>>> print(open('data_5.cif').read())   # mmCIF, C-alpha atoms and all ligand atoms
data_start
loop_
_atom_site.label_atom_id
_atom_site.label_comp_id
_atom_site.auth_asym_id
_atom_site.auth_seq_id
_atom_site.Cartn_x
_atom_site.Cartn_y
_atom_site.Cartn_z
CA MET U 1 -30.82 157.43 39.00
CA ALA U 2 -30.17 153.71 38.38
CA TYR U 3 -28.29 151.78 41.01
CA ASP U 4 -25.86 148.99 40.15
CA HIS U 5 -25.99 146.33 42.82
CA SER U 6 -23.32 144.15 41.24
CA GLN U 7 -20.38 146.44 41.97
CA THR U 8 -18.45 143.93 44.07
CA ASP U 9 -15.84 141.65 42.46
CA GLU U 10 -15.89 139.34 45.47
CA PRO U 11 -17.44 135.89 45.39
CA PRO U 12 -21.08 135.76 46.48
CA VAL U 13 -21.70 134.69 50.06
CA THR U 14 -22.56 131.01 50.46
CA ASP U 15 -21.98 130.74 54.22
CA TRP U 16 -23.70 133.64 56.04
CA LEU U 17 -22.69 132.26 59.42
CA HIS U 18 -18.91 132.48 58.90
CA ASP U 19 -18.50 134.68 55.83
CA TRP U 20 -21.24 137.34 55.88
CA ASP U 21 -21.05 140.42 53.69
CA TRP U 22 -23.56 143.26 53.88
CA LEU U 23 -22.58 144.34 50.36
CA ASP U 24 -23.58 141.00 48.86
CA PRO U 25 -26.61 141.67 46.62
CA ALA U 26 -28.60 139.01 48.53
CA TRP U 27 -28.54 141.25 51.64
CA GLY U 28 -30.45 143.98 49.82
CA VAL U 29 -33.09 141.65 48.44
CA ASP U 30 -33.64 139.37 51.39
CA ALA U 31 -31.72 140.35 54.51
CA ILE U 32 -34.61 139.40 56.80
CA SER U 33 -34.47 135.72 55.77
CA ILE U 34 -30.68 135.77 56.12
CA TRP U 35 -30.87 137.11 59.70
CA ASN U 36 -33.63 134.65 60.62
CA SER U 37 -31.67 131.71 59.29
CA ILE U 38 -28.51 132.80 61.18
CA ARG U 39 -30.55 133.22 64.39
CA GLU U 40 -31.75 129.62 64.19
CA GLN U 41 -28.12 128.50 64.38
CA CYS U 42 -26.27 131.11 66.43
CA PRO U 43 -26.79 134.63 67.93
CA VAL U 44 -23.66 136.15 66.36
CA ALA U 45 -22.23 135.43 62.88
CA SER U 46 -18.73 136.41 61.76
CA THR U 47 -16.67 137.23 58.67
CA GLU U 48 -13.08 137.93 57.72
CA ARG U 49 -13.97 139.96 54.63
CA TYR U 50 -13.37 143.27 56.43
CA GLY U 51 -10.84 141.94 58.91
CA ARG U 52 -12.66 140.21 61.75
CA ALA U 53 -16.23 141.49 62.02
CA PHE U 54 -19.39 140.25 63.73
CA LEU U 55 -23.09 140.25 62.90
CA PRO U 56 -25.42 139.89 65.93
CA VAL U 57 -29.00 138.88 65.12
CA THR U 58 -30.76 138.75 68.50
CA MET U 59 -32.28 141.61 70.51
CA GLU U 60 -30.16 140.57 73.48
CA ALA U 61 -26.85 140.81 71.58
CA VAL U 62 -27.78 144.04 69.78
CA GLN U 63 -28.87 145.68 73.04
CA ALA U 64 -25.72 144.55 74.84
CA ILE U 65 -23.49 146.15 72.18
CA ALA U 66 -25.50 149.37 71.78
CA GLN U 67 -25.52 149.98 75.54
CA ASP U 68 -21.85 149.21 76.19
CA THR U 69 -19.73 152.25 75.31
CA GLU U 70 -16.85 150.92 77.40
CA HIS U 71 -16.06 148.01 75.05
CA PHE U 72 -17.58 149.37 71.82
CA SER U 73 -16.62 152.69 70.23
CA SER U 74 -18.65 154.66 67.70
CA TRP U 75 -15.48 156.04 66.18
CA ARG U 76 -16.22 153.62 63.33
CA VAL U 77 -19.95 153.34 62.61
CA SER U 78 -19.64 151.32 59.41
CA VAL U 79 -17.96 147.94 58.93
CA ALA U 80 -15.36 148.73 56.30
CA ARG U 81 -11.84 147.70 55.26
CA PRO U 82 -9.76 147.86 58.44
CA ASP U 83 -7.37 150.37 56.82
CA ALA U 84 -10.22 152.80 56.00
CA PRO U 85 -9.49 155.98 57.97
CA PRO U 86 -12.35 156.94 60.33
CA ARG U 87 -13.90 160.40 60.06
CA ALA U 88 -15.61 162.62 62.60
CA ALA U 89 -19.35 163.14 62.20
CA PRO U 90 -20.54 164.00 65.72
CA PRO U 91 -22.58 163.01 67.62
CA ILE U 92 -22.87 159.66 65.79
CA THR U 93 -19.11 159.04 65.81
CA SER U 94 -18.54 160.40 69.33
CA ASP U 95 -18.10 158.39 72.51
CA PRO U 96 -18.73 159.64 76.05
CA PRO U 97 -17.94 162.12 77.43
CA ASP U 98 -17.77 164.16 74.15
CA HIS U 99 -21.00 162.76 72.73
CA HIS U 100 -23.35 164.57 75.09
CA GLY U 101 -22.34 168.13 74.15
CA HIS U 102 -22.64 167.48 70.42
CA ARG U 103 -26.04 165.87 70.81
CA ARG U 104 -27.34 168.62 73.08
CA LEU U 105 -26.33 171.22 70.51
CA LEU U 106 -28.41 169.66 67.71
CA LEU U 107 -31.32 168.36 69.78
CA PRO U 108 -33.57 171.49 69.83
CA SER U 109 -33.76 171.55 66.01
CA PHE U 110 -35.27 168.06 66.06
CA ASN U 111 -37.68 168.31 68.99
CA PRO U 112 -41.34 167.38 68.41
CA LYS U 113 -42.57 171.00 68.39
CA ALA U 114 -40.03 172.14 65.80
CA ILE U 115 -40.76 169.14 63.57
CA ALA U 116 -44.58 169.42 63.87
CA LEU U 117 -44.30 172.86 62.25
CA MET U 118 -43.07 171.14 59.08
CA GLU U 119 -46.17 169.01 58.54
CA ASP U 120 -48.22 171.32 56.27
CA ASP U 121 -45.29 172.02 54.00
CA MET U 122 -44.42 168.31 53.85
CA ARG U 123 -47.98 167.42 52.84
CA LYS U 124 -47.95 170.08 50.14
CA PHE U 125 -44.63 168.76 48.87
CA CYS U 126 -45.94 165.15 48.69
CA ARG U 127 -49.11 166.26 46.88
CA ASN U 128 -47.03 168.17 44.40
CA LEU U 129 -44.90 165.08 43.67
CA ILE U 130 -48.10 163.12 43.12
CA SER U 131 -49.49 165.71 40.75
CA GLN U 132 -46.21 165.66 38.80
CA ILE U 133 -46.75 161.96 38.09
CA GLY U 134 -49.52 163.18 35.80
CA ASP U 135 -52.17 160.83 34.46
CA THR U 136 -49.95 157.89 33.43
CA ASP U 137 -50.92 154.31 34.38
CA VAL U 138 -47.49 153.30 35.64
CA ALA U 139 -44.92 155.04 37.84
CA ASP U 140 -41.80 154.38 39.91
CA ALA U 141 -42.81 154.98 43.52
CA ALA U 142 -39.16 155.30 44.59
CA GLU U 143 -37.72 157.44 41.79
CA GLN U 144 -40.77 159.68 41.45
CA TYR U 145 -41.77 159.82 45.11
CA SER U 146 -39.95 158.31 48.12
CA GLN U 147 -36.44 159.51 47.23
CA HIS U 148 -37.46 163.19 47.09
CA ILE U 149 -39.30 163.54 50.40
CA PRO U 150 -36.46 163.38 52.95
CA VAL U 151 -34.24 165.56 50.74
CA HIS U 152 -36.93 168.21 50.95
CA GLY U 153 -37.00 167.86 54.75
CA ILE U 154 -33.26 168.08 55.31
CA CYS U 155 -32.67 170.82 52.71
CA SER U 156 -35.37 172.96 54.35
CA MET U 157 -33.83 172.47 57.80
CA LEU U 158 -30.22 172.97 56.80
CA GLY U 159 -30.94 175.78 54.38
CA VAL U 160 -29.21 174.25 51.33
CA PRO U 161 -30.74 174.28 47.83
CA GLU U 162 -32.90 171.33 46.85
CA SER U 163 -31.26 171.45 43.44
CA ASP U 164 -28.27 169.72 45.14
CA ALA U 165 -30.44 166.61 45.66
CA ASP U 166 -28.86 164.47 42.90
CA MET U 167 -25.42 165.23 44.29
CA PHE U 168 -26.51 164.19 47.81
CA ARG U 169 -27.95 160.92 46.50
CA ASP U 170 -24.75 160.26 44.57
CA TRP U 171 -22.70 160.82 47.78
CA ILE U 172 -24.99 158.48 49.68
CA TYR U 173 -24.62 155.73 47.08
CA ARG U 174 -20.83 156.01 47.00
CA ASN U 175 -20.56 156.27 50.80
CA PHE U 176 -22.69 153.28 51.68
CA GLN U 177 -22.39 150.99 48.65
CA LEU U 178 -18.81 151.57 47.48
CA ALA U 179 -16.69 153.20 50.20
CA PRO U 180 -16.65 150.26 52.68
CA LYS U 181 -14.51 148.32 50.19
CA ASP U 182 -12.95 150.98 47.97
CA LEU U 183 -10.48 153.28 49.72
CA ASP U 184 -9.97 155.64 46.75
CA GLU U 185 -13.69 156.13 46.35
CA ARG U 186 -13.99 156.73 50.08
CA MET U 187 -11.36 159.47 49.99
CA ARG U 188 -12.87 161.06 46.86
CA VAL U 189 -16.39 161.24 48.24
CA ILE U 190 -15.21 162.52 51.63
CA ALA U 191 -13.19 165.27 49.89
CA GLU U 192 -16.25 166.34 47.89
CA MET U 193 -18.46 166.42 50.98
CA VAL U 194 -15.88 168.35 53.00
CA ALA U 195 -15.45 170.96 50.25
CA TYR U 196 -19.22 171.45 49.95
CA SER U 197 -19.81 171.64 53.71
CA SER U 198 -16.91 174.05 54.34
CA ALA U 199 -18.09 176.40 51.62
CA ALA U 200 -21.68 176.33 52.90
CA LEU U 201 -20.53 177.03 56.49
CA ALA U 202 -18.25 179.88 55.38
CA GLU U 203 -21.20 181.47 53.60
CA ARG U 204 -23.28 181.38 56.82
CA ARG U 205 -20.44 182.85 58.86
CA ARG U 206 -20.42 185.77 56.40
CA GLU U 207 -24.19 185.97 56.16
CA PRO U 208 -26.18 184.28 58.95
CA LYS U 209 -29.73 183.06 58.25
CA ASP U 210 -32.42 181.34 60.27
CA ASP U 211 -31.38 177.74 59.54
CA LEU U 212 -29.48 174.76 60.92
CA LEU U 213 -26.40 175.55 58.83
CA THR U 214 -26.12 178.91 60.61
CA LEU U 215 -26.49 177.24 64.00
CA ILE U 216 -23.69 174.81 63.09
CA ALA U 217 -21.46 177.56 61.67
CA HIS U 218 -21.59 179.34 65.03
CA ALA U 219 -21.61 176.24 67.24
CA GLU U 220 -20.19 176.47 70.73
CA ILE U 221 -20.11 173.81 73.44
CA ASP U 222 -19.61 174.98 77.02
CA GLY U 223 -18.46 178.39 75.76
CA GLU U 224 -15.87 176.93 73.32
CA THR U 225 -16.20 177.25 69.56
CA VAL U 226 -16.61 173.86 67.86
CA SER U 227 -13.73 173.26 65.42
CA GLU U 228 -14.27 173.67 61.67
CA GLU U 229 -13.53 169.95 61.21
CA LEU U 230 -16.34 168.95 63.56
CA GLN U 231 -18.75 171.51 62.11
CA VAL U 232 -18.11 169.97 58.69
CA GLY U 233 -18.76 166.57 60.30
CA TYR U 234 -22.21 167.71 61.56
CA VAL U 235 -23.21 168.83 58.07
CA GLN U 236 -22.06 165.55 56.51
CA LEU U 237 -24.00 163.63 59.14
CA MET U 238 -27.21 165.53 58.39
CA VAL U 239 -26.92 164.57 54.72
CA LEU U 240 -25.87 160.96 55.33
CA ALA U 241 -28.30 160.25 58.19
CA GLY U 242 -31.27 162.30 57.06
CA ILE U 243 -31.93 161.16 53.49
CA ASP U 244 -31.70 157.51 52.42
CA THR U 245 -32.81 156.34 55.86
CA THR U 246 -36.31 157.78 55.53
CA TRP U 247 -36.31 157.30 51.75
CA SER U 248 -35.81 153.57 52.45
CA ALA U 249 -38.53 153.42 55.10
CA ILE U 250 -41.07 155.21 52.88
CA GLY U 251 -40.15 152.97 49.94
CA SER U 252 -40.46 149.80 52.01
CA GLY U 253 -43.88 150.93 53.22
CA LEU U 254 -45.05 151.66 49.68
CA TRP U 255 -43.69 148.30 48.48
CA HIS U 256 -45.42 146.51 51.33
CA PHE U 257 -48.82 148.16 51.01
CA ALA U 258 -48.79 147.62 47.22
CA GLN U 259 -49.03 143.91 48.09
CA HIS U 260 -51.57 144.19 50.92
CA PRO U 261 -54.83 145.70 49.62
CA ASP U 262 -56.70 144.64 52.77
CA GLN U 263 -54.42 146.75 55.01
CA ARG U 264 -54.47 149.63 52.51
CA LYS U 265 -58.25 149.64 52.49
CA ARG U 266 -58.43 149.84 56.28
CA LEU U 267 -55.92 152.69 56.40
CA VAL U 268 -57.60 154.90 53.79
CA ALA U 269 -60.91 154.42 55.59
CA VAL U 270 -59.70 156.13 58.79
CA PRO U 271 -58.65 159.79 59.33
CA ASN U 272 -54.97 160.75 59.40
CA GLY U 273 -54.92 161.12 63.18
CA ASP U 274 -56.27 157.61 63.81
CA ALA U 275 -54.26 155.21 66.00
CA LEU U 276 -54.26 152.69 63.14
CA TRP U 277 -51.94 154.99 61.17
CA VAL U 278 -49.56 155.25 64.12
CA GLN U 279 -49.50 151.46 64.46
CA ALA U 280 -49.00 150.95 60.73
CA VAL U 281 -46.08 153.41 60.61
CA GLU U 282 -44.43 151.76 63.62
CA GLU U 283 -44.89 148.35 62.01
CA VAL U 284 -43.20 149.58 58.80
CA LEU U 285 -40.32 150.79 60.98
CA ARG U 286 -40.11 147.49 62.85
CA PHE U 287 -40.47 145.13 59.93
CA TYR U 288 -38.42 147.06 57.34
CA ALA U 289 -36.01 148.94 59.65
CA PRO U 290 -33.48 150.28 57.17
CA VAL U 291 -30.46 151.21 59.31
CA THR U 292 -27.68 148.90 60.52
CA MET U 293 -24.87 150.63 62.41
CA ALA U 294 -21.45 149.38 63.52
CA ARG U 295 -18.93 149.70 66.32
CA GLN U 296 -15.21 149.14 66.78
CA VAL U 297 -14.38 146.75 69.61
CA ILE U 298 -12.02 148.58 72.00
CA GLY U 299 -11.74 146.12 74.88
CA GLU U 300 -11.82 142.37 75.37
CA THR U 301 -15.41 141.23 75.91
CA GLU U 302 -17.98 138.56 75.12
CA ILE U 303 -21.41 138.92 73.50
CA SER U 304 -23.81 135.97 73.78
CA GLY U 305 -20.84 133.64 74.28
CA CYS U 306 -18.89 135.08 71.34
CA PRO U 307 -15.46 136.46 72.33
CA MET U 308 -14.58 139.85 70.81
CA HIS U 309 -11.16 141.48 70.84
CA ALA U 310 -9.92 145.05 70.54
CA GLY U 311 -9.59 145.91 66.85
CA ASP U 312 -12.49 143.70 65.73
CA GLN U 313 -15.53 145.36 64.19
CA THR U 314 -19.16 144.52 64.76
CA LEU U 315 -22.46 145.45 63.21
CA VAL U 316 -25.24 146.69 65.48
CA THR U 317 -27.97 144.99 63.48
CA PHE U 318 -31.03 146.85 64.79
CA PRO U 319 -33.20 145.54 61.91
CA ALA U 320 -32.36 141.91 62.78
CA ALA U 321 -33.27 142.47 66.44
CA ASN U 322 -36.72 143.61 65.24
CA HIS U 323 -37.34 140.09 63.90
CA ASP U 324 -36.23 138.20 67.00
CA PRO U 325 -39.04 135.93 68.25
CA ALA U 326 -37.63 136.29 71.77
CA ALA U 327 -38.54 140.01 71.62
CA PHE U 328 -41.70 140.06 69.46
CA ASP U 329 -44.80 138.00 69.22
CA ARG U 330 -45.15 136.60 65.62
CA PRO U 331 -42.28 138.76 64.27
CA GLU U 332 -42.74 137.57 60.68
CA GLU U 333 -46.31 138.80 60.61
CA PHE U 334 -46.68 142.42 59.47
CA ASP U 335 -49.50 143.40 61.80
CA ILE U 336 -51.01 146.90 61.60
CA ASP U 337 -52.94 146.11 64.78
CA ARG U 338 -49.74 145.52 66.77
CA GLU U 339 -50.22 147.72 69.84
CA ARG U 340 -47.08 146.79 71.78
CA ASN U 341 -44.21 147.43 69.39
CA ARG U 342 -40.94 148.17 71.14
CA HIS U 343 -38.84 148.07 67.99
CA VAL U 344 -35.28 149.36 67.80
CA ALA U 345 -35.33 150.78 64.24
CA PHE U 346 -34.04 154.07 65.68
CA GLY U 347 -31.39 152.35 67.80
CA LEU U 348 -31.11 152.50 71.56
CA GLY U 349 -28.80 153.88 74.18
CA ILE U 350 -27.01 157.22 73.92
CA HIS U 351 -26.98 157.32 70.11
CA ARG U 352 -30.71 156.74 69.66
CA CYS U 353 -31.79 158.53 66.48
CA LEU U 354 -31.89 162.29 66.80
CA GLY U 355 -34.04 162.58 63.68
CA SER U 356 -36.79 160.15 64.73
CA ASN U 357 -39.51 162.86 64.96
CA LEU U 358 -38.66 164.10 61.48
CA ALA U 359 -38.46 160.55 60.10
CA ARG U 360 -41.85 159.62 61.58
CA LEU U 361 -43.45 162.79 60.21
CA GLU U 362 -42.06 162.21 56.70
CA LEU U 363 -42.98 158.53 56.70
CA THR U 364 -46.51 159.12 57.97
CA VAL U 365 -47.31 162.00 55.61
CA ALA U 366 -45.74 160.25 52.60
CA LEU U 367 -47.76 157.05 53.13
CA GLN U 368 -51.00 158.90 53.85
CA GLU U 369 -50.78 161.08 50.76
CA TRP U 370 -49.79 158.21 48.44
CA LEU U 371 -52.39 155.73 49.70
CA ARG U 372 -55.16 158.34 49.48
CA ALA U 373 -54.13 159.37 45.95
CA PHE U 374 -53.71 155.79 44.66
CA PRO U 375 -55.85 153.51 46.87
CA ASN U 376 -55.74 150.69 44.29
CA TYR U 377 -52.07 150.71 43.27
CA ASP U 378 -50.18 147.48 42.80
CA LEU U 379 -46.65 146.32 41.96
CA ASP U 380 -46.07 146.40 38.19
CA PRO U 381 -45.76 142.76 37.05
CA ASN U 382 -43.49 143.95 34.21
CA GLY U 383 -41.09 145.83 36.48
CA GLU U 384 -38.56 144.88 39.15
CA THR U 385 -38.08 146.39 42.60
CA THR U 386 -34.37 146.96 43.29
CA TRP U 387 -32.89 147.19 46.80
CA ALA U 388 -29.88 149.01 48.24
CA ASN U 389 -27.83 146.69 50.43
CA GLY U 390 -25.40 147.41 53.27
CA GLN U 391 -25.81 150.01 55.99
CA VAL U 392 -29.09 151.51 54.76
CA ARG U 393 -31.33 148.93 53.14
CA GLY U 394 -34.40 149.84 51.12
CA PRO U 395 -35.99 149.88 47.67
CA ARG U 396 -34.46 152.18 45.06
CA ASN U 397 -36.91 151.36 42.24
CA ILE U 398 -40.53 150.38 42.84
CA PRO U 399 -42.39 150.05 39.52
CA VAL U 400 -46.12 150.26 40.20
CA VAL U 401 -49.40 150.23 38.29
CA LEU U 402 -51.60 153.01 39.64
CA ASN U 403 -55.06 151.51 38.82
CA ARG U 404 -56.77 154.89 39.22
C1 LIG F 1 -36.55 155.98 59.16
C2 LIG F 1 -35.53 156.83 59.23
C3 LIG F 1 -34.38 156.69 60.18
C4 LIG F 1 -33.88 155.59 60.81
C5 LIG F 1 -34.41 154.16 60.74
C6 LIG F 1 -32.76 156.02 61.60
C7 LIG F 1 -31.99 155.18 62.39
C8 LIG F 1 -30.99 155.60 63.23
C9 LIG F 1 -30.25 154.73 64.11
C10 LIG F 1 -30.43 153.22 64.18
C11 LIG F 1 -29.39 155.50 64.83
C12 LIG F 1 -28.44 155.00 65.93
C13 LIG F 1 -27.01 155.07 65.53
C14 LIG F 1 -26.07 154.28 66.40
O1 LIG F 1 -26.46 153.65 67.37
O2 LIG F 1 -24.87 154.29 66.06
C15 LIG F 1 -29.57 156.86 64.37
C16 LIG F 1 -28.85 157.94 64.85
C17 LIG F 1 -28.97 159.20 64.33
N1 LIG F 1 -29.87 159.64 63.39
FE1 LIG F 1 -31.30 158.53 62.50
N2 LIG F 1 -32.59 157.36 61.44
C18 LIG F 1 -33.56 157.81 60.57
C19 LIG F 1 -33.74 159.11 60.16
C20 LIG F 1 -32.98 160.17 60.53
C21 LIG F 1 -33.18 161.52 60.10
C22 LIG F 1 -34.30 162.01 59.16
C23 LIG F 1 -32.21 162.28 60.66
C24 LIG F 1 -32.05 163.75 60.46
C25 LIG F 1 -30.92 164.30 60.19
C26 LIG F 1 -31.40 161.40 61.49
C27 LIG F 1 -30.33 161.78 62.26
C28 LIG F 1 -29.65 160.96 63.15
C29 LIG F 1 -28.55 161.42 63.99
C30 LIG F 1 -27.98 162.84 64.03
C31 LIG F 1 -28.12 160.32 64.74
C32 LIG F 1 -27.00 160.28 65.75
C33 LIG F 1 -27.48 160.47 67.16
C34 LIG F 1 -26.38 160.33 68.19
O3 LIG F 1 -25.31 159.81 67.90
O4 LIG F 1 -26.60 160.79 69.32
N3 LIG F 1 -31.90 160.13 61.39
N4 LIG F 1 -30.56 156.90 63.42
#
>>> encode(input="data_5.cif", output="structure tokens", more="lines below")
Ligand code: HEM
Amino acid sequence: MAYDHSQTDEPPVTDWLHDWDWLDPAWGVDAISIWNSIREQCPVASTERYGRAFLPVTMEAVQAIAQDTEHFSSWRVSVARPDAPPRAAPPITSDPPDHHGHRRLLLPSFNPKAIALMEDDMRKFCRNLISQIGDTDVADAAEQYSQHIPVHGICSMLGVPESDADMFRDWIYRNFQLAPKDLDERMRVIAEMVAYSSAALAERRREPKDDLLTLIAHAEIDGETVSEELQVGYVQLMVLAGIDTTWSAIGSGLWHFAQHPDQRKRLVAVPNGDALWVQAVEEVLRFYAPVTMARQVIGETEISGCPMHAGDQTLVTFPAANHDPAAFDRPEEFDIDRERNRHVAFGLGIHRCLGSNLARLELTVALQEWLRAFPNYDLDPNGETTWANGQVRGPRNIPVVLNR
């Protein structure tokens, strides 16, 4: 699937400090430099493009927002047109006290034991993708590899057919790249997702199976049945949170290692269980953290000296915090020997990523299998890597030469 990054009619951003826009194509290509340049001038940038909305770039500001559920609500987790109606996708859109029950319901499916059981199948899946590349000299590491892996993971867990993958990726594109600015598109894609999720849940109520969809279809919290609307919200969240997030992280890792043969060589020389792999995966997550969330301001407050008022929106720019020199030693150095790496790619506070075990498994296995199969691969000088901008940032095309 080809992605068009020039969908916005708005003028390109020239002043990131006072007029930022996460759907500007420059964000996709080079967000890290943008955040670093803002940080040199001010901890929190602003814009009026979506109504009043903020962009914090320091660990201190990001932490303060993520940990303060009194002044910041998750009811809106994307900066979008202020008239865009919010939708329920618990637990990510829930505030306390409701949040806890929703999270507790889903948590067991994502615990380390449950996820570890998926490793063998995930490895087999990755090897199969690699064998499907055949014996060509060039490939697209995103289209032929990274984009498929998390779909396999989430489809297996939910119990939905993998043949729906193109439809999921289409929803993701429209949700994250178009919907923040286009109300009609937002309503259309939500309607499609609701129809799909309702039908899938109804099927499981008629015929239960051993999958996450069945658990959701029969969900109860404290003895009370969870409403159909919220059940549909859980399913939508699994699709929106579980696919392009890890797809982006895997793609960023592949893009990075294509350009760093020295690091690649060290990684393929050690066994899969070696600490170097753990460090390398955590460094991919820190350096290329794909997910930026948002909050609605619900009470007068101040973040790093910047006043915020009820009704304003703010990003929770976890990826920018990962590049803050106040929080990391040499943040612009991608260091696979970094032992202390307290990154916030998975967020922090009550909404910390529920899927982090699954994401780490998929990212680790995907990198290990690719690097072992193609230890000499390189970026294709005749191709161009394209990047998704906005809420989930990562490469969508990575043309490579395999140099077998
Ligand atoms: C590298 C991949 C991933 C990254 C970087 C990532 C990042 C994040 C972040 C930053 C949050 C915090 C949201 C907030 O504060 O508003 C989050 C929450 C969440 N993530 Fe992930 N995620 C990834 C993969 C996944 C996967 C594979 C799933 C599986 C479905 C998943 C499910 C969730 C859920 C359900 C929440 C909401 C938790 C809550 O509100 O309590 N994520 N993720």
>>> residues_near_ligand(input="data_5.cif", ligand="ligand LIG 1 (chain F)", cutoff="7 Å", atoms="all atoms listed in the file", output="ChimeraX atom specification")
/U:66,74,77,90-94,99,103,150,154,237-239,241-243,245-246,249,285,289-294,318,345-348,350-356,358-360
>>> residues_around(input="data_5.cif", residues="Tyr196 (chain U)", least_positions_apart="5", cutoff="10 Å", atoms="all atoms listed in the file", output="PyMOL selection string")
chain U and resi 190-191+201+232+235-236
>>> atom_distance(input="data_5.cif", atom1="CA of Trp387 (chain U)", atom2="CA of Val151 (chain U)")
18.8 Å
>>> atom_distance(input="data_5.cif", atom1="CA of His256 (chain U)", atom2="CA of Trp20 (chain U)")
26.3 Å
>>> atom_distance(input="data_5.cif", atom1="CA of Asn397 (chain U)", atom2="CA of Ala141 (chain U)")
7.0 Å
>>> closest_residue(input="data_5.cif", among="U:Tyr50, U:Trp75, U:Phe374, U:Phe168", to="Val189 (chain U)", atoms="only C-alpha atoms")
U:Phe168
>>> residues_around(input="data_5.cif", residues="Leu117 (chain U)", least_positions_apart="3", cutoff="12 Å", atoms="only C-alpha atoms", output="PyMOL selection string")
chain U and resi 109-114+120-123+153+156-157+357-358+361
>>> closest_residue(input="data_5.cif", among="U:Ala26, U:Leu17, U:Ala64, U:Leu240", to="Ile303 (chain U)", atoms="all atoms listed in the file")
U:Ala64
>>> residues_around(input="data_5.cif", residues="Ser37 (chain U)", least_positions_apart="6", cutoff="12 Å", atoms="all atoms listed in the file", output="PyMOL selection string")
chain U and resi 15-17+30-31+43-45+57-58+320+323-324
>>> closest_residue(input="data_5.cif", among="U:Ser304, U:Asp135, U:Asn128, U:Pro261", to="Arg39 (chain U)", atoms="only C-alpha atoms")
U:Ser304
>>> closest_residue(input="data_5.cif", among="U:Asp312, U:Asp244, U:Glu229, U:Glu332", to="Gly299 (chain U)", atoms="only C-alpha atoms")
U:Asp312
>>> closest_residue(input="data_5.cif", among="U:Thr386, U:Thr214, U:Gln177, U:Thr364", to="Ile250 (chain U)", atoms="all atoms listed in the file")
U:Thr364
>>> closest_residue(input="data_5.cif", among="U:Asn175, U:Asn403, U:Ser46, U:Gln67", to="Glu192 (chain U)", atoms="all atoms listed in the file")
U:Asn175
>>> residues_around(input="data_5.cif", residues="Arg342 (chain U)", least_positions_apart="5", cutoff="10 Å", atoms="all atoms listed in the file", output="list in words")
Glu282, Glu283, Arg286, Asn322, Ala327 and Phe328 of chain U
>>> build_atoms(input="data_5.cif", residues="region 40-52 of chain U", atoms="N, CA and C atoms", output="PDB file, in the coordinates of the input")
ATOM      1  N   GLU U  40     -31.396 131.012  63.844  1.00  0.00           N
ATOM      2  CA  GLU U  40     -31.750 129.620  64.190  1.00  0.00           C
ATOM      3  C   GLU U  40     -30.522 128.815  64.564  1.00  0.00           C
ATOM      4  N   GLN U  41     -29.342 129.275  64.123  1.00  0.00           N
ATOM      5  CA  GLN U  41     -28.120 128.500  64.380  1.00  0.00           C
ATOM      6  C   GLN U  41     -27.247 129.114  65.454  1.00  0.00           C
ATOM      7  N   CYS U  42     -27.253 130.448  65.566  1.00  0.00           N
ATOM      8  CA  CYS U  42     -26.270 131.110  66.430  1.00  0.00           C
ATOM      9  C   CYS U  42     -26.615 132.593  66.577  1.00  0.00           C
ATOM     10  N   PRO U  43     -26.398 133.214  67.764  1.00  0.00           N
ATOM     11  CA  PRO U  43     -26.790 134.630  67.930  1.00  0.00           C
ATOM     12  C   PRO U  43     -25.859 135.628  67.226  1.00  0.00           C
ATOM     13  N   VAL U  44     -24.626 135.201  66.938  1.00  0.00           N
ATOM     14  CA  VAL U  44     -23.660 136.150  66.360  1.00  0.00           C
ATOM     15  C   VAL U  44     -22.887 135.466  65.228  1.00  0.00           C
ATOM     16  N   ALA U  45     -22.999 135.977  64.010  1.00  0.00           N
ATOM     17  CA  ALA U  45     -22.230 135.430  62.880  1.00  0.00           C
ATOM     18  C   ALA U  45     -20.928 136.224  62.747  1.00  0.00           C
ATOM     19  N   SER U  46     -20.009 135.706  61.915  1.00  0.00           N
ATOM     20  CA  SER U  46     -18.730 136.410  61.760  1.00  0.00           C
ATOM     21  C   SER U  46     -18.279 136.397  60.307  1.00  0.00           C
ATOM     22  N   THR U  47     -17.274 137.209  60.011  1.00  0.00           N
ATOM     23  CA  THR U  47     -16.670 137.230  58.670  1.00  0.00           C
ATOM     24  C   THR U  47     -15.227 137.673  58.801  1.00  0.00           C
ATOM     25  N   GLU U  48     -14.450 137.393  57.766  1.00  0.00           N
ATOM     26  CA  GLU U  48     -13.080 137.930  57.720  1.00  0.00           C
ATOM     27  C   GLU U  48     -12.937 138.861  56.527  1.00  0.00           C
ATOM     28  N   ARG U  49     -14.053 139.159  55.860  1.00  0.00           N
ATOM     29  CA  ARG U  49     -13.970 139.960  54.630  1.00  0.00           C
ATOM     30  C   ARG U  49     -13.542 141.404  54.885  1.00  0.00           C
ATOM     31  N   TYR U  50     -13.745 141.890  56.095  1.00  0.00           N
ATOM     32  CA  TYR U  50     -13.370 143.270  56.430  1.00  0.00           C
ATOM     33  C   TYR U  50     -12.392 143.238  57.610  1.00  0.00           C
ATOM     34  N   GLY U  51     -11.480 142.253  57.649  1.00  0.00           N
ATOM     35  CA  GLY U  51     -10.840 141.940  58.910  1.00  0.00           C
ATOM     36  C   GLY U  51     -11.895 141.177  59.688  1.00  0.00           C
ATOM     37  N   ARG U  52     -11.664 140.975  60.990  1.00  0.00           N
ATOM     38  CA  ARG U  52     -12.660 140.210  61.750  1.00  0.00           C
ATOM     39  C   ARG U  52     -13.837 141.117  62.130  1.00  0.00           C
TER      40      ARG U  52
END
